[in-house]
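Data file: model19.txt. Format and content: compact mmCIF, C-alpha atoms.
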```
# COMPACT_ATOMS: atom_id res chain seq x y z
CA MET Q 1 0.27 -0.60 -26.53
CA ASP Q 2 2.30 1.28 -23.98
CA VAL Q 3 1.98 -0.44 -20.61
CA LEU Q 4 1.19 2.73 -18.69
CA GLU Q 5 -1.57 3.43 -21.22
CA LEU Q 6 -2.89 -0.12 -20.76
CA ILE Q 7 -3.01 0.45 -16.99
CA ARG Q 8 -4.77 3.77 -17.48
CA GLN Q 9 -7.37 2.01 -19.63
CA GLN Q 10 -7.85 -0.76 -17.08
CA VAL Q 11 -8.44 1.59 -14.17
CA THR Q 12 -10.72 3.93 -16.09
CA THR Q 13 -12.91 1.32 -17.79
CA HIS Q 14 -13.61 -0.71 -14.63
CA PRO Q 15 -15.12 0.88 -11.51
CA VAL Q 16 -13.01 -1.21 -9.12
CA VAL Q 17 -9.61 -2.64 -10.03
CA LEU Q 18 -7.25 -4.62 -7.81
CA TYR Q 19 -3.67 -5.28 -8.86
CA MET Q 20 -2.55 -8.24 -6.81
CA LYS Q 21 -0.30 -11.27 -6.58
CA GLY Q 22 -2.33 -14.31 -7.52
CA SER Q 23 -6.08 -14.40 -8.10
CA PRO Q 24 -8.97 -13.54 -5.77
CA GLN Q 25 -9.50 -17.31 -5.44
CA PHE Q 26 -5.83 -18.03 -4.79
CA PRO Q 27 -3.93 -14.98 -3.52
CA GLN Q 28 -0.16 -15.57 -3.56
CA CYS Q 29 0.75 -13.09 -0.84
CA GLY Q 30 -0.68 -12.17 2.54
CA PHE Q 31 -1.24 -8.52 1.70
CA SER Q 32 -3.09 -9.38 -1.52
CA GLY Q 33 -5.12 -11.88 0.51
CA ASN Q 34 -6.06 -9.13 2.96
CA ALA Q 35 -7.17 -6.87 0.13
CA VAL Q 36 -9.39 -9.62 -1.30
CA ARG Q 37 -10.88 -10.35 2.13
CA ILE Q 38 -11.80 -6.69 2.61
CA LEU Q 39 -13.54 -6.50 -0.78
CA ASN Q 40 -15.33 -9.79 -0.03
CA ALA Q 41 -16.44 -8.50 3.37
CA LEU Q 42 -17.95 -5.45 1.63
CA GLY Q 43 -19.77 -7.66 -0.87
CA VAL Q 44 -17.81 -6.29 -3.83
CA LYS Q 45 -17.84 -9.20 -6.25
CA ASP Q 46 -17.42 -8.04 -9.82
CA TYR Q 47 -14.18 -6.14 -9.48
CA PHE Q 48 -11.49 -6.39 -12.12
CA SER Q 49 -8.37 -8.08 -10.81
CA VAL Q 50 -4.97 -8.25 -12.43
CA ASP Q 51 -2.44 -10.88 -11.37
CA VAL Q 52 0.90 -9.10 -11.61
CA LEU Q 53 2.76 -12.40 -11.31
CA GLN Q 54 1.29 -13.31 -14.70
CA ASN Q 55 2.03 -9.83 -16.09
CA PRO Q 56 5.65 -8.86 -15.36
CA GLU Q 57 5.39 -5.65 -17.41
CA ILE Q 58 2.37 -4.48 -15.45
CA ARG Q 59 4.11 -5.49 -12.23
CA GLN Q 60 6.97 -3.09 -12.96
CA ASN Q 61 4.94 -0.26 -14.46
CA ILE Q 62 2.14 -0.18 -11.91
CA LYS Q 63 4.72 0.98 -9.37
CA ASP Q 64 5.46 4.04 -11.47
CA TYR Q 65 1.84 4.63 -12.40
CA ALA Q 66 0.84 5.53 -8.85
CA ASN Q 67 4.32 6.24 -7.48
CA TRP Q 68 3.69 3.33 -5.16
CA PRO Q 69 6.31 0.61 -4.81
CA THR Q 70 4.17 -2.25 -3.52
CA ILE Q 71 1.38 -4.63 -4.53
CA PRO Q 72 -1.62 -4.86 -3.96
CA GLN Q 73 -3.01 -1.59 -5.30
CA LEU Q 74 -6.70 -0.70 -5.29
CA TYR Q 75 -8.27 1.74 -7.76
CA ILE Q 76 -11.82 3.03 -7.55
CA ASN Q 77 -13.23 5.01 -10.50
CA GLY Q 78 -9.75 5.51 -11.88
CA GLU Q 79 -8.32 6.88 -8.63
CA PHE Q 80 -5.58 5.12 -6.70
CA VAL Q 81 -6.91 4.40 -3.20
CA GLY Q 82 -3.98 2.62 -1.55
CA GLY Q 83 -2.44 -0.68 -0.61
CA SER Q 84 -3.69 -3.21 1.91
CA ASP Q 85 -2.77 -1.14 5.02
CA ILE Q 86 -4.74 1.83 3.75
CA MET Q 87 -7.63 -0.39 2.65
CA ALA Q 88 -7.76 -1.86 6.17
CA GLU Q 89 -7.74 1.60 7.80
CA MET Q 90 -10.44 2.89 5.45
CA TYR Q 91 -12.52 -0.24 5.96
CA GLN Q 92 -12.39 0.21 9.72
CA SER Q 93 -13.28 3.89 9.50
CA GLY Q 94 -16.11 3.33 6.99
CA GLU Q 95 -14.47 5.49 4.30
CA LEU Q 96 -13.99 2.57 1.94
CA GLN Q 97 -17.68 1.72 2.15
CA LYS Q 98 -18.51 5.31 1.14
CA LEU Q 99 -16.08 5.28 -1.78
CA LEU Q 100 -17.53 2.02 -3.03
CA GLY Q 101 -21.10 3.07 -2.40
CA VAL Q 102 -21.94 -0.06 -0.41
CA MET B 1 19.07 -10.43 4.83
CA VAL B 2 16.86 -7.50 5.70
CA THR B 3 16.66 -6.61 9.38
CA PRO B 4 14.12 -4.44 11.20
CA GLU B 5 17.08 -2.35 12.38
CA SER B 6 18.17 -1.53 8.83
CA ILE B 7 14.64 -0.43 7.89
CA GLU B 8 14.46 1.65 11.05
CA HIS B 9 17.81 3.20 10.16
CA ASN B 10 16.57 4.25 6.71
CA ILE B 11 13.34 5.76 8.00
CA LYS B 12 15.05 7.56 10.88
CA ASN B 13 17.63 9.09 8.56
CA GLY B 14 15.15 9.98 5.85
CA MET B 15 12.55 11.91 7.80
CA ASN B 16 11.71 13.52 11.12
CA THR B 17 10.06 11.10 13.51
CA THR B 18 8.96 11.52 17.10
CA TYR B 19 8.35 7.80 17.52
CA LEU B 20 9.41 4.90 15.36
CA SER B 21 9.28 1.16 15.77
CA VAL B 22 9.96 -1.59 13.25
CA ASP B 23 9.33 -5.24 13.94
CA GLY B 24 9.87 -8.14 11.62
CA ASP B 25 11.09 -11.64 11.05
CA GLY B 26 13.33 -11.03 8.03
CA ARG B 27 10.48 -11.40 5.54
CA HIS B 28 7.53 -9.48 6.93
CA PHE B 29 7.93 -6.14 8.66
CA GLU B 30 5.65 -3.78 10.46
CA ALA B 31 6.53 -0.13 11.02
CA VAL B 32 4.81 2.39 13.26
CA VAL B 33 5.85 5.91 12.29
CA VAL B 34 4.87 9.04 14.21
CA SER B 35 5.86 12.31 12.55
CA GLU B 36 4.87 15.97 12.36
CA GLU B 37 5.46 15.67 8.61
CA PHE B 38 2.19 13.72 8.27
CA ALA B 39 0.02 16.64 9.40
CA GLY B 40 -2.42 17.61 6.67
CA LYS B 41 -1.27 14.76 4.42
CA SER B 42 -3.45 12.03 2.93
CA ARG B 43 -2.87 8.39 3.77
CA ILE B 44 -1.31 7.86 0.35
CA GLN B 45 1.07 10.81 0.81
CA ARG B 46 2.08 9.59 4.28
CA HIS B 47 2.97 6.13 3.02
CA GLN B 48 4.78 7.60 0.00
CA ARG B 49 6.87 9.69 2.39
CA VAL B 50 7.92 6.58 4.31
CA TYR B 51 8.56 4.61 1.11
CA GLN B 52 10.71 7.50 -0.08
CA THR B 53 13.11 7.01 2.84
CA LEU B 54 13.60 3.40 1.74
CA GLY B 55 14.17 4.28 -1.91
CA ASP B 56 15.05 1.36 -4.15
CA ARG B 57 15.06 -1.00 -1.18
CA MET B 58 11.26 -1.06 -1.45
CA ARG B 59 11.50 -2.39 -4.99
CA GLN B 60 14.29 -4.81 -4.32
CA ASP B 61 14.75 -6.35 -0.92
CA VAL B 62 11.84 -5.17 1.20
CA HIS B 63 8.79 -7.00 -0.10
CA ALA B 64 6.45 -7.07 2.82
CA LEU B 65 6.32 -3.92 4.90
CA SER B 66 3.18 -2.90 6.69
CA ILE B 67 3.08 0.76 7.72
CA LYS B 68 0.98 2.62 10.27
CA THR B 69 1.31 6.40 10.28
CA PHE B 70 0.30 8.94 12.91
CA THR B 71 0.88 12.59 13.64
CA PRO B 72 2.09 13.18 17.22
CA GLN B 73 -1.42 14.36 18.08
CA GLU B 74 -3.12 11.29 16.59
CA TRP B 75 -0.60 9.11 18.39
CA GLN B 76 -1.34 10.80 21.71
CA GLU B 77 -5.09 10.34 21.23
CA LYS B 78 -4.51 6.67 20.51
CA GLN B 79 -2.61 6.05 23.76
```
Structure translated into structure tokens:
Amino acid sequence: MDVLELIRQQVTTHPVVLYMKGSPQFPQCGFSGNAVRILNALGVKDYFSVDVLQNPEIRQNIKDYANWPTIPQLYINGEFVGGSDIMAEMYQSGELQKLLGV
Amino acid sequence: MVTPESIEHNIKNGMNTTYLSVDGDGRHFEAVVVSEEFAGKSRIQRHQRVYQTLGDRMRQDVHALSIKTFTPQEWQEKQ
């Protein structure tokens, strides 16, 4: 399957998807760690996470998918929400809570 | 070796800014960008605009760049 199509399927079949370096248990980068901490703080547990370090093709193509050159990337209901800076801003303002319905 | 100055140079040349600061230790960088261009833009669009000024550097040598964006008005309110 085409990688961009695989990504499209991942983000549309799971309500919350996080592309990150490492796993939620063992993030391999500070920004991915921040993203995981924010989701944890909001009590979001059953999100779908993809370790781009284990998936080099996804790592390259996810940057084109959202026209966004960095990891992590958060998707909610198929929509790209942002990276860890934007997640932190939206967490502080309460917007992320609204988007997630928590 | 990536320097904060080189990142600042790219951003400054790539867009209109009224205030810009870039700090970093060679691996992790933090940019504060104040620009009229952000008015009416979403957070995603603002960051994309800054990434655009860095072009392929974002994919190659700049791995960890944290960005905060403000319009001049937002920046003033923050002070």
Could you tell me which residues of chain B sit within 7 Å of chain Q when counting only C-alpha atoms, and give me the result as a PDB file with C-alpha atoms, in the coordinates of the input?
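As a result, result02.pdb now contains:
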```pdb
ATOM      1  CA  ARG B  43      -2.870   8.390   3.770  1.00  0.00           C
ATOM      2  CA  ILE B  44      -1.310   7.860   0.350  1.00  0.00           C
ATOM      3  CA  GLN B  48       4.780   7.600   0.000  1.00  0.00           C
ATOM      4  CA  MET B  58      11.260  -1.060  -1.450  1.00  0.00           C
ATOM      5  CA  ARG B  59      11.500  -2.390  -4.990  1.00  0.00           C
ATOM      6  CA  SER B  66       3.180  -2.900   6.690  1.00  0.00           C
ATOM      7  CA  ILE B  67       3.080   0.760   7.720  1.00  0.00           C
TER       8      ILE B  67
END
```
Centre and edge lengths of an axis-aligned box around all listed atoms of region 35-43 of chain B, with 3 Å added on each side, are to be given in Å to one decimal, as lines of an AutoDock Vina configuration file.
```
center_x = 1.2
center_y = 13.0
center_z = 7.7
size_x = 15.3
size_y = 15.2
size_z = 15.6
```
*List every protein, DNA or RNA residue that has an atom no more than 7 Å from (-10.7, -3.2, -0.7) in the file's coordinate frame, counting all atoms listed in the file, and report them as a PyMOL selection string.*
chain Q and resi 35-36+38-39+74+87
*Nearest to Ile7 (chain B) by atom-to-atom distance, counting only C-alpha atoms, from B:Trp75, B:Phe70, B:Phe29, B:Phe38*: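 Selected residue with least distance to Ile7 (chain B): B:Phe29.
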*Protein/DNA/RNA residues near (3.0, 19.8, 12.0), cut 10 Å, only C-alpha atoms, as a list in words*: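 Result, sorted by chain then residue number: Ser35, Glu36, Glu37, Phe38, Ala39, Gly40, Thr71, Pro72 and Gln73 of chain B.
Going from CA of Phe48 (chain Q) over to CA of Arg57 (chain B), you cover 29.2 Å.
Closest approach to Met1 (chain B) among B:Gln60, B:Thr69, B:Gln79, B:Thr18: B:Gln60, based on all atoms listed in the file.
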*asked:* Using Å and a single decimal, report how far CA of Asn61 (chain Q) sits from CA of Ser42 (chain B).
replied: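 Computed distance, CA of Ser42 (chain B) to CA of Asn61 (chain Q), equals 22.9 Å.
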*Please indicate the distance in Å from CA of Arg49 (chain B) to CA of Met15 (chain B), rounded to one decimal place.*
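These two atoms are separated by 8.2 Å.
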*Near Gln54 (chain Q), counting all atoms listed in the file, which residues have an atom at most 10 Å away, once you skip same-chain residues fewer than 6 positions from it, shown as a list in words?*
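Close residues of Gln54 (chain Q): Lys21, Gly22 and Ser23 of chain Q.
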Add whatever atoms are absent from region 16-41 of chain Q to reach N, CA, C and O atoms, and provide the output as a PDB file, in the frame of the given file.
```pdb
ATOM      1  N   VAL Q  16     -13.901  -0.774 -10.207  1.00  0.00           N
ATOM      2  CA  VAL Q  16     -13.010  -1.210  -9.120  1.00  0.00           C
ATOM      3  C   VAL Q  16     -11.959  -2.151  -9.704  1.00  0.00           C
ATOM      4  O   VAL Q  16     -12.305  -3.146 -10.345  1.00  0.00           O
ATOM      5  N   VAL Q  17     -10.699  -1.811  -9.497  1.00  0.00           N
ATOM      6  CA  VAL Q  17      -9.610  -2.640 -10.030  1.00  0.00           C
ATOM      7  C   VAL Q  17      -8.619  -2.943  -8.906  1.00  0.00           C
ATOM      8  O   VAL Q  17      -8.228  -2.046  -8.153  1.00  0.00           O
ATOM      9  N   LEU Q  18      -8.252  -4.213  -8.796  1.00  0.00           N
ATOM     10  CA  LEU Q  18      -7.250  -4.620  -7.810  1.00  0.00           C
ATOM     11  C   LEU Q  18      -6.075  -5.276  -8.523  1.00  0.00           C
ATOM     12  O   LEU Q  18      -6.232  -6.301  -9.192  1.00  0.00           O
ATOM     13  N   TYR Q  19      -4.901  -4.650  -8.392  1.00  0.00           N
ATOM     14  CA  TYR Q  19      -3.670  -5.280  -8.860  1.00  0.00           C
ATOM     15  C   TYR Q  19      -3.131  -6.087  -7.693  1.00  0.00           C
ATOM     16  O   TYR Q  19      -2.980  -5.566  -6.589  1.00  0.00           O
ATOM     17  N   MET Q  20      -2.891  -7.357  -7.928  1.00  0.00           N
ATOM     18  CA  MET Q  20      -2.550  -8.240  -6.810  1.00  0.00           C
ATOM     19  C   MET Q  20      -1.606  -9.352  -7.273  1.00  0.00           C
ATOM     20  O   MET Q  20      -1.373  -9.530  -8.470  1.00  0.00           O
ATOM     21  N   LYS Q  21      -1.078 -10.079  -6.278  1.00  0.00           N
ATOM     22  CA  LYS Q  21      -0.300 -11.270  -6.580  1.00  0.00           C
ATOM     23  C   LYS Q  21      -1.203 -12.473  -6.428  1.00  0.00           C
ATOM     24  O   LYS Q  21      -1.731 -12.713  -5.344  1.00  0.00           O
ATOM     25  N   GLY Q  22      -1.406 -13.198  -7.524  1.00  0.00           N
ATOM     26  CA  GLY Q  22      -2.330 -14.310  -7.520  1.00  0.00           C
ATOM     27  C   GLY Q  22      -3.714 -13.853  -7.947  1.00  0.00           C
ATOM     28  O   GLY Q  22      -3.879 -12.753  -8.468  1.00  0.00           O
ATOM     29  N   SER Q  23      -4.704 -14.708  -7.713  1.00  0.00           N
ATOM     30  CA  SER Q  23      -6.080 -14.400  -8.100  1.00  0.00           C
ATOM     31  C   SER Q  23      -6.915 -14.249  -6.838  1.00  0.00           C
ATOM     32  O   SER Q  23      -6.494 -14.675  -5.763  1.00  0.00           O
ATOM     33  N   PRO Q  24      -8.107 -13.633  -6.955  1.00  0.00           N
ATOM     34  CA  PRO Q  24      -8.970 -13.540  -5.770  1.00  0.00           C
ATOM     35  C   PRO Q  24      -9.233 -14.917  -5.138  1.00  0.00           C
ATOM     36  O   PRO Q  24      -9.348 -15.022  -3.916  1.00  0.00           O
ATOM     37  N   GLN Q  25      -9.299 -15.965  -5.961  1.00  0.00           N
ATOM     38  CA  GLN Q  25      -9.500 -17.310  -5.440  1.00  0.00           C
ATOM     39  C   GLN Q  25      -8.249 -17.847  -4.753  1.00  0.00           C
ATOM     40  O   GLN Q  25      -8.333 -18.517  -3.726  1.00  0.00           O
ATOM     41  N   PHE Q  26      -7.090 -17.524  -5.332  1.00  0.00           N
ATOM     42  CA  PHE Q  26      -5.830 -18.030  -4.790  1.00  0.00           C
ATOM     43  C   PHE Q  26      -4.775 -16.919  -4.687  1.00  0.00           C
ATOM     44  O   PHE Q  26      -3.845 -16.868  -5.505  1.00  0.00           O
ATOM     45  N   PRO Q  27      -4.929 -16.047  -3.703  1.00  0.00           N
ATOM     46  CA  PRO Q  27      -3.930 -14.980  -3.520  1.00  0.00           C
ATOM     47  C   PRO Q  27      -2.572 -15.606  -3.193  1.00  0.00           C
ATOM     48  O   PRO Q  27      -2.500 -16.597  -2.470  1.00  0.00           O
ATOM     49  N   GLN Q  28      -1.511 -15.018  -3.749  1.00  0.00           N
ATOM     50  CA  GLN Q  28      -0.160 -15.570  -3.560  1.00  0.00           C
ATOM     51  C   GLN Q  28       0.660 -14.772  -2.558  1.00  0.00           C
ATOM     52  O   GLN Q  28       1.873 -14.944  -2.489  1.00  0.00           O
ATOM     53  N   CYS Q  29       0.014 -13.884  -1.824  1.00  0.00           N
ATOM     54  CA  CYS Q  29       0.750 -13.090  -0.840  1.00  0.00           C
ATOM     55  C   CYS Q  29      -0.245 -12.626   0.203  1.00  0.00           C
ATOM     56  O   CYS Q  29      -1.425 -12.427  -0.083  1.00  0.00           O
ATOM     57  N   GLY Q  30       0.227 -12.504   1.441  1.00  0.00           N
ATOM     58  CA  GLY Q  30      -0.680 -12.170   2.540  1.00  0.00           C
ATOM     59  C   GLY Q  30      -1.372 -10.832   2.367  1.00  0.00           C
ATOM     60  O   GLY Q  30      -2.554 -10.688   2.687  1.00  0.00           O
ATOM     61  N   PHE Q  31      -0.639  -9.844   1.851  1.00  0.00           N
ATOM     62  CA  PHE Q  31      -1.240  -8.520   1.700  1.00  0.00           C
ATOM     63  C   PHE Q  31      -2.320  -8.535   0.620  1.00  0.00           C
ATOM     64  O   PHE Q  31      -3.383  -7.921   0.782  1.00  0.00           O
ATOM     65  N   SER Q  32      -2.055  -9.255  -0.484  1.00  0.00           N
ATOM     66  CA  SER Q  32      -3.090  -9.380  -1.520  1.00  0.00           C
ATOM     67  C   SER Q  32      -4.296 -10.130  -0.955  1.00  0.00           C
ATOM     68  O   SER Q  32      -5.446  -9.784  -1.250  1.00  0.00           O
ATOM     69  N   GLY Q  33      -4.027 -11.138  -0.130  1.00  0.00           N
ATOM     70  CA  GLY Q  33      -5.120 -11.880   0.510  1.00  0.00           C
ATOM     71  C   GLY Q  33      -5.963 -10.971   1.393  1.00  0.00           C
ATOM     72  O   GLY Q  33      -7.194 -11.060   1.392  1.00  0.00           O
ATOM     73  N   ASN Q  34      -5.315 -10.078   2.125  1.00  0.00           N
ATOM     74  CA  ASN Q  34      -6.060  -9.130   2.960  1.00  0.00           C
ATOM     75  C   ASN Q  34      -6.948  -8.227   2.119  1.00  0.00           C
ATOM     76  O   ASN Q  34      -8.099  -7.955   2.482  1.00  0.00           O
ATOM     77  N   ALA Q  35      -6.401  -7.751   1.012  1.00  0.00           N
ATOM     78  CA  ALA Q  35      -7.170  -6.870   0.130  1.00  0.00           C
ATOM     79  C   ALA Q  35      -8.419  -7.574  -0.383  1.00  0.00           C
ATOM     80  O   ALA Q  35      -9.521  -7.009  -0.396  1.00  0.00           O
ATOM     81  N   VAL Q  36      -8.254  -8.836  -0.800  1.00  0.00           N
ATOM     82  CA  VAL Q  36      -9.390  -9.620  -1.300  1.00  0.00           C
ATOM     83  C   VAL Q  36     -10.428  -9.830  -0.195  1.00  0.00           C
ATOM     84  O   VAL Q  36     -11.633  -9.691  -0.421  1.00  0.00           O
ATOM     85  N   ARG Q  37      -9.948 -10.125   1.017  1.00  0.00           N
ATOM     86  CA  ARG Q  37     -10.880 -10.350   2.130  1.00  0.00           C
ATOM     87  C   ARG Q  37     -11.710  -9.107   2.432  1.00  0.00           C
ATOM     88  O   ARG Q  37     -12.898  -9.204   2.737  1.00  0.00           O
ATOM     89  N   ILE Q  38     -11.074  -7.939   2.343  1.00  0.00           N
ATOM     90  CA  ILE Q  38     -11.800  -6.690   2.610  1.00  0.00           C
ATOM     91  C   ILE Q  38     -12.888  -6.480   1.550  1.00  0.00           C
ATOM     92  O   ILE Q  38     -14.036  -6.173   1.880  1.00  0.00           O
ATOM     93  N   LEU Q  39     -12.534  -6.679   0.282  1.00  0.00           N
ATOM     94  CA  LEU Q  39     -13.540  -6.500  -0.780  1.00  0.00           C
ATOM     95  C   LEU Q  39     -14.665  -7.528  -0.634  1.00  0.00           C
ATOM     96  O   LEU Q  39     -15.847  -7.191  -0.794  1.00  0.00           O
ATOM     97  N   ASN Q  40     -14.310  -8.759  -0.266  1.00  0.00           N
ATOM     98  CA  ASN Q  40     -15.330  -9.790  -0.030  1.00  0.00           C
ATOM     99  C   ASN Q  40     -16.262  -9.373   1.107  1.00  0.00           C
ATOM    100  O   ASN Q  40     -17.475  -9.506   1.012  1.00  0.00           O
ATOM    101  N   ALA Q  41     -15.652  -8.868   2.196  1.00  0.00           N
ATOM    102  CA  ALA Q  41     -16.440  -8.500   3.370  1.00  0.00           C
ATOM    103  C   ALA Q  41     -17.432  -7.387   3.021  1.00  0.00           C
ATOM    104  O   ALA Q  41     -18.502  -7.280   3.629  1.00  0.00           O
TER     105      ALA Q  41
END
```
